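Single-structure report; data block below.
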Amino acid sequence: MHEKKTAIVIGTGAGGAIAARELQKKYQVTILEAGKEFRPFSLSVRGMGKLRKTGLFLDERMISMLLPNMVIDKTKDMVLVRGRGVGGTTTLATGNALRYDGALKRLGIDLDPQFEALERELPITTDHQKHWTETTKRMFRVFEEMGLDPVVTPKFMYPEKCVECGHCAIGCPTGAKWDTRALVHESVRMGAELVTDCTVTSLEIKNGEVKSVHARHKGKPVSYTADLVILAAGGLGTPVILQNSGIACKDTLFVDPVLCVAGYQPGAGQDRQLLMPFISQQDGYILSPYMDYLSFFFNKQWRYPMDGLVSMMIKLADEPVGRIDGHRVEKSMTGPDDERMKSAVAKCREILNKLGIPEEKQFLGTLNAGHPGGMLPLTAAEKDTLHHPALPQNLYVADATILPESMGNPPILTIMALAMKIAELKN
Ligand SMILES: Cc1cc2nc3c(=O)[nH]c(=O)nc-3n(C[C@H](O)[C@H](O)[C@H](O)COP(=O)(O)OP(=O)(O)OC[C@H]3O[C@@H](n4cnc5c(N)ncnc54)[C@H](O)[C@@H]3O)c2cc1C
């Protein structure tokens with residue numbers, strides 16, 4: 001019998017999950033995942049909010065006690081959020097399914113067939129307005145009146161399962177939100193092996209090939225070998241593994257910084273709204289209604305009850321200036337980032353004013369970010385191979401690390417299309 005070739009996929013987020021599922025068609029795949037199965041936040045956020053008075057919630061890193069699959073890194077002025085566990089950061093995502101491949105197209109990378117295949121396969125819909133609160137509907141109208149061109153967000157979701165709990169980013173309790181766990185479990189049904197609690201530390205490279213993948217499984221050192229290795233440990237995880245393996249990355253980290261501008265309006269009910277129901281694309285940033293749990297728990301200005309908060313996200317396309325040194329992330333806003341953020345904040349304040357929330361009832365959230373990437377960016381030279389010349393010939397990176405620039409937009413669908421194409425090139 002002809003033996004299947006073998007592949008290792010590291011990570012089960014946007015890039016890793018689809019690569020594993022596609023490769024399993026031709027290879028025997030082993031999936032190495034640092035985290036465990038995802039466990040959603042199961043307590044009442046409104047109820048937990050009352051505990052803020054006790055001063056228990058001191059530091060954003062404490063969120064892992066409530067939500068073990070959420071990992072927080074802090075830089076000098078920013079909180080970085082990512083997921084660790086089956087499904088990666090997609091389990092914490094708000095389910096936005098946007099195609100955003102302009103920069104890749106400019107390099108000559110055509111992902112049309114992959115986007116078409118993903119759009120056929122995945123539950124992507126804009127049919128969720130029946131779940132909108134009155135406040136969301138009012139916000140949408142204000143955006144329209146101000147000429148901000150709000151667009152109903154395409155979502156990875158089964159709308160009929162949504163119970164309007166607002167928990168999209170801390171673990172959808174009903175399965176209304178789709179995430180990449182579905183692909184991981186499908187790969188396993190197809191015969192792939194999933195090894196959780198297995199943190200890859202480095203790759204051993206000899207004669208231009210990865211010979212072994214070194215990891216710690218449940219704390220014990222282990223090694224794996226395969227014909228092909230796909231590295232998809234995310235924009236903050238992949239560079240560390242590459243650096244540990246003697247492959248330098250570039251100091252071009254972007255993160256899409258997020259700042260929420262919020263106000264207090266009793267009875268607004270915005271906490272019982274699926275997150276980011278619509279998006280307004282502006283020059284270098286997006287605006288979208290978003291309940292910011294990190295600010296709610298850890299930012300003293302957010303001392304109001306959750307059901308009276310009206311909050312809007314600014315998500316910026318930041319300059320690619322940042323690095324990871326060992327496990328320490330260095331990332332700050334640049335001058336132009338700050339300028340753009342300032343004008344976006346002014347716009348949000350105007351929106352809140354029009355919603356009847358005066359300046360004295362408005363406040364800012366904590367600067368945070370959850371779209372890290374860009375430290376081994378693709379260039380036009382790799383448009384056909386999607387393989388960076390610094391990598392051994394049997395190693396591909398298939399996650400946000402290879403995106404050429406910040407999108408300032410939700411990247412899951414684009415990362416998936418890219419990872420799918422990489423898997424197809426190897427199939
Ligand atoms: C709160 C929040 C909401 C978001 N909402 C959206 C949204 O609505 N739509 C959207 O498009 N994007 C959204 N994003 C961003 C999106 O989730 C990420 O950009 C995307 O998941 C990145 O994909 P990735 O494959 O690069 O990495 P990830 O999805 O982060 O996957 C990396 C995987 O690698 C694993 N890993 C890490 N290190 C190791 C190691 N050493 N060994 C083994 N495994 C390892 C991790 O556990 C994880 O499974 C959101 C992000 C956040 C934080």
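Starting from 1 in every chain, residues are counted up; chains themselves are A, B, ... following the order of the structure tokens, and ligands are numbered from 1 as listed.
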Quick one: residues within 7 Å of Asp127 in chain A, only C-alpha atoms counted, chain neighbours fewer than 2 positions away excluded, as an MDAnalysis selection string? chainID A and resid 125 129 159
Keeping only C-alpha atoms, write those residues as a PDB file, in the first residue's frame.
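Wrote out-v4.pdb, looks like this:
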```
ATOM      1  CA  THR A 125     -24.593  35.848   6.671  1.00  0.00           C
ATOM      2  CA  GLN A 129     -30.787  42.593  12.046  1.00  0.00           C
ATOM      3  CA  PRO A 159     -28.552  33.603  13.363  1.00  0.00           C
TER       4      PRO A 159
END
```
Near-ligand residues for ligand 1, threshold 7 Å, only C-alpha atoms and all ligand atoms, as a ChimeraX atom specification: /A:10-16,32-35,81-90,92-98,169,198-201,232-235,237-238,241,369-373,399-401,410-413,415
Store the residues of this selection in a file with C-alpha atoms, as a PDB file, in the first residue's frame.
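What landed in again-v4.pdb:
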```
ATOM      1  CA  ILE A  10       1.212  24.007  14.508  1.00  0.00           C
ATOM      2  CA  GLY A  11      -1.787  25.980  15.820  1.00  0.00           C
ATOM      3  CA  THR A  12      -5.538  25.665  15.263  1.00  0.00           C
ATOM      4  CA  GLY A  13      -6.620  29.276  14.725  1.00  0.00           C
ATOM      5  CA  ALA A  14      -7.671  30.917  11.467  1.00  0.00           C
ATOM      6  CA  GLY A  15      -4.655  29.702   9.475  1.00  0.00           C
ATOM      7  CA  GLY A  16      -3.827  26.363  11.115  1.00  0.00           C
ATOM      8  CA  LEU A  32       0.062  20.443  17.619  1.00  0.00           C
ATOM      9  CA  GLU A  33      -1.915  22.902  19.733  1.00  0.00           C
ATOM     10  CA  ALA A  34      -0.475  24.707  22.771  1.00  0.00           C
ATOM     11  CA  GLY A  35      -3.827  25.125  24.501  1.00  0.00           C
ATOM     12  CA  VAL A  81      -5.350  39.882  23.415  1.00  0.00           C
ATOM     13  CA  ARG A  82      -5.088  36.444  21.823  1.00  0.00           C
ATOM     14  CA  GLY A  83      -6.623  33.019  22.147  1.00  0.00           C
ATOM     15  CA  ARG A  84      -4.822  29.880  23.195  1.00  0.00           C
ATOM     16  CA  GLY A  85      -6.645  26.617  22.695  1.00  0.00           C
ATOM     17  CA  VAL A  86      -8.476  24.689  20.021  1.00  0.00           C
ATOM     18  CA  GLY A  87      -9.811  27.299  17.592  1.00  0.00           C
ATOM     19  CA  GLY A  88      -7.110  29.844  18.522  1.00  0.00           C
ATOM     20  CA  THR A  89      -8.237  33.463  18.586  1.00  0.00           C
ATOM     21  CA  THR A  90     -11.283  32.686  16.424  1.00  0.00           C
ATOM     22  CA  LEU A  92     -12.782  35.004  20.975  1.00  0.00           C
ATOM     23  CA  ALA A  93     -13.636  36.709  17.710  1.00  0.00           C
ATOM     24  CA  THR A  94     -16.874  38.551  17.182  1.00  0.00           C
ATOM     25  CA  GLY A  95     -17.532  36.495  14.056  1.00  0.00           C
ATOM     26  CA  ASN A  96     -16.913  39.179  11.416  1.00  0.00           C
ATOM     27  CA  ALA A  97     -16.290  37.553   8.046  1.00  0.00           C
ATOM     28  CA  LEU A  98     -14.732  40.220   5.844  1.00  0.00           C
ATOM     29  CA  ALA A 169     -16.030  37.574  22.245  1.00  0.00           C
ATOM     30  CA  CYS A 198       1.555  20.743  23.260  1.00  0.00           C
ATOM     31  CA  THR A 199       3.631  23.921  23.005  1.00  0.00           C
ATOM     32  CA  VAL A 200       6.107  23.969  20.146  1.00  0.00           C
ATOM     33  CA  THR A 201       9.351  25.557  21.229  1.00  0.00           C
ATOM     34  CA  ALA A 232       0.381  28.799  12.231  1.00  0.00           C
ATOM     35  CA  ALA A 233       0.929  29.764  15.866  1.00  0.00           C
ATOM     36  CA  GLY A 234      -0.385  33.285  15.218  1.00  0.00           C
ATOM     37  CA  GLY A 235       1.166  36.720  14.801  1.00  0.00           C
ATOM     38  CA  GLY A 237       3.416  32.838  18.521  1.00  0.00           C
ATOM     39  CA  THR A 238       5.005  32.106  15.141  1.00  0.00           C
ATOM     40  CA  ILE A 241       9.208  29.745  17.261  1.00  0.00           C
ATOM     41  CA  ALA A 369      -5.313  44.999  20.149  1.00  0.00           C
ATOM     42  CA  GLY A 370      -6.078  41.527  18.861  1.00  0.00           C
ATOM     43  CA  HIS A 371      -4.889  41.303  15.248  1.00  0.00           C
ATOM     44  CA  PRO A 372      -1.108  40.790  15.523  1.00  0.00           C
ATOM     45  CA  GLY A 373       0.830  39.921  12.400  1.00  0.00           C
ATOM     46  CA  ASP A 399      -1.077  32.695   9.621  1.00  0.00           C
ATOM     47  CA  ALA A 400      -1.210  36.468  10.172  1.00  0.00           C
ATOM     48  CA  THR A 401       2.616  36.601  10.302  1.00  0.00           C
ATOM     49  CA  PRO A 410     -11.088  41.699  10.708  1.00  0.00           C
ATOM     50  CA  PRO A 411      -8.558  39.319   9.103  1.00  0.00           C
ATOM     51  CA  ILE A 412      -9.898  35.765   9.746  1.00  0.00           C
ATOM     52  CA  LEU A 413     -11.411  35.169   6.308  1.00  0.00           C
ATOM     53  CA  ILE A 415      -5.929  34.485   6.633  1.00  0.00           C
TER      54      ILE A 415
END
```
Which of these, A:Ile230, A:Leu403, A:Tyr27, A:Ile18, has the shortest distance to Glu3 in chain A once you count only C-alpha atoms?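 Closest residue, counting only C-alpha atoms: A:Tyr27.
With only C-alpha atoms as the atoms that count, the residue of A:Thr379, A:Ile247, A:Thr136, A:Ser187 with the shortest distance to Gly208 in chain A is A:Ile247.
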Atomic separation - CA of Asp271 in chain A relative to CA of Arg99 in chain A, Å: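 Answer for the CA of Arg99 in chain A to CA of Asp271 in chain A separation: 27.0 Å.
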Write out as a VMD selection string all residues of range 69-296 of chain A that DSSP puts in strand (DSSP E) for this structure's backbone. chain A and resid 70 to 74 79 to 83 124 to 125 151 to 152 155 to 156 193 to 195 198 to 206 209 to 217 220 to 224 228 to 231 257 to 264 278 to 282 285 to 289
Excluding Ser245 in chain A and residues on its chain fewer than 3 positions from it, collect all residues at most 8 Å away from it, counting only C-alpha atoms, and give them as a VMD selection string. chain A and resid 202 to 205 241 to 242
Selected residues written out with N, CA and C atoms, as a compact mmCIF listing (two decimals), in the first residue's frame:
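Result file is selection20.txt:
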```txt
# COMPACT_ATOMS: atom_id res chain seq x y z
N SER A 202 10.71 24.98 19.27
CA SER A 202 11.64 25.31 18.18
C SER A 202 11.59 24.24 17.09
N LEU A 203 12.20 24.58 15.98
CA LEU A 203 12.31 23.64 14.86
C LEU A 203 13.79 23.35 14.66
N GLU A 204 14.11 22.08 14.49
CA GLU A 204 15.52 21.74 14.24
C GLU A 204 15.72 21.68 12.73
N ILE A 205 16.64 22.50 12.25
CA ILE A 205 16.81 22.62 10.80
C ILE A 205 18.18 22.11 10.39
N ILE A 241 8.72 31.07 17.68
CA ILE A 241 9.21 29.74 17.26
C ILE A 241 10.28 29.91 16.17
N LEU A 242 10.06 30.83 15.25
CA LEU A 242 11.06 31.05 14.19
C LEU A 242 12.37 31.56 14.79
```
If we count only C-alpha atoms and set the cut-off at 9 Å, which residues sit around Lys250 in chain A, ignoring sequence neighbours fewer than 3 positions away in its own chain? Please answer as a list in words.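 The contact residues come out as Leu253, Gly322, Arg323, Gly374, Met375, Leu376 and Pro377 of chain A.
For the set A:Met313, A:Val261, A:Cys348, A:Leu104, the residue with the smallest atom-to-atom gap to Glu382 in chain A is A:Leu104, counting only C-alpha atoms.
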Neighbours of Leu148 in chain A within 10 Å (only C-alpha atoms; same-chain residues fewer than 2 positions away dropped), as number ranges by chain? A: 140-146, 150-151, 279-282, 287, 347
Please produce a file of those selected residues containing N, CA and C atoms, as an mmCIF file, in the first residue's frame.
```cif
data_model
loop_
_atom_site.group_PDB
_atom_site.id
_atom_site.type_symbol
_atom_site.label_atom_id
_atom_site.label_comp_id
_atom_site.auth_asym_id
_atom_site.auth_seq_id
_atom_site.Cartn_x
_atom_site.Cartn_y
_atom_site.Cartn_z
ATOM 1 N N PHE A 140 -27.209 53.099 13.974
ATOM 2 C CA PHE A 140 -27.098 52.910 12.521
ATOM 3 C C PHE A 140 -27.630 54.149 11.795
ATOM 4 N N ARG A 141 -28.774 54.660 12.296
ATOM 5 C CA ARG A 141 -29.383 55.843 11.639
ATOM 6 C C ARG A 141 -28.464 57.070 11.794
ATOM 7 N N VAL A 142 -27.876 57.229 12.974
ATOM 8 C CA VAL A 142 -26.972 58.369 13.181
ATOM 9 C C VAL A 142 -25.762 58.264 12.239
ATOM 10 N N PHE A 143 -25.219 57.059 12.121
ATOM 11 C CA PHE A 143 -24.098 56.856 11.190
ATOM 12 C C PHE A 143 -24.530 57.275 9.766
ATOM 13 N N GLU A 144 -25.740 56.869 9.386
ATOM 14 C CA GLU A 144 -26.226 57.204 8.031
ATOM 15 C C GLU A 144 -26.350 58.708 7.868
ATOM 16 N N GLU A 145 -26.976 59.342 8.893
ATOM 17 C CA GLU A 145 -27.178 60.806 8.818
ATOM 18 C C GLU A 145 -25.840 61.543 8.703
ATOM 19 N N MET A 146 -24.811 61.003 9.345
ATOM 20 C CA MET A 146 -23.501 61.668 9.327
ATOM 21 C C MET A 146 -22.689 61.299 8.077
ATOM 22 N N PRO A 150 -22.575 53.194 7.092
ATOM 23 C CA PRO A 150 -22.496 51.933 7.850
ATOM 24 C C PRO A 150 -22.966 50.763 6.987
ATOM 25 N N VAL A 151 -22.315 49.633 7.149
ATOM 26 C CA VAL A 151 -22.669 48.434 6.368
ATOM 27 C C VAL A 151 -22.902 47.288 7.345
ATOM 28 N N ILE A 279 -20.427 47.983 10.433
ATOM 29 C CA ILE A 279 -19.084 48.585 10.391
ATOM 30 C C ILE A 279 -19.113 49.784 9.449
ATOM 31 N N SER A 280 -18.387 50.827 9.840
ATOM 32 C CA SER A 280 -18.212 51.980 8.955
ATOM 33 C C SER A 280 -16.719 52.067 8.616
ATOM 34 N N GLN A 281 -16.417 51.990 7.330
ATOM 35 C CA GLN A 281 -15.011 52.054 6.892
ATOM 36 C C GLN A 281 -14.604 53.509 6.735
ATOM 37 N N GLN A 282 -13.597 53.933 7.464
ATOM 38 C CA GLN A 282 -13.084 55.300 7.336
ATOM 39 C C GLN A 282 -11.647 55.232 6.823
ATOM 40 N N LEU A 287 -15.124 52.000 12.392
ATOM 41 C CA LEU A 287 -15.941 52.269 13.582
ATOM 42 C C LEU A 287 -17.026 51.208 13.642
ATOM 43 N N LYS A 347 -14.664 61.931 16.099
ATOM 44 C CA LYS A 347 -15.840 61.466 15.335
ATOM 45 C C LYS A 347 -16.787 60.679 16.257
#
```
Residue among A:Met276, A:Leu107, A:Val255, A:Ile170 lying closest to Asn69 in chain A, counting only C-alpha atoms: A:Ile170
Looking at A:Phe57, A:Phe363, A:Phe115, A:Trp178, which one is nearest to Lys421 in chain A, with distances taken over only C-alpha atoms?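 Selected residue with least distance to Lys421 in chain A: A:Phe115.
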When distances are computed from only C-alpha atoms, which of A:Lys74, A:Lys161, A:Lys383, A:Lys342 shows the smallest separation from Ile109 in chain A? A:Lys383
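In this model, the gap between CA of Glu160 in chain A and CA of Gln273 in chain A comes to 14.3 Å.
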If you run DSSP over the backbone, which residues in range 299-357 of chain A end up helix (DSSP H, G or I)? Put them as a list in words.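 Reading the DSSP output for range 299-357 of chain A, helix (DSSP H, G or I) covers Met306, Asp307, Gly308, Gly335, Pro336, Asp337, Asp338, Glu339, Arg340, Met341, Lys342, Ser343, Ala344, Val345, Ala346, Lys347, Cys348, Arg349, Glu350, Ile351, Leu352, Asn353 and Lys354 of chain A.
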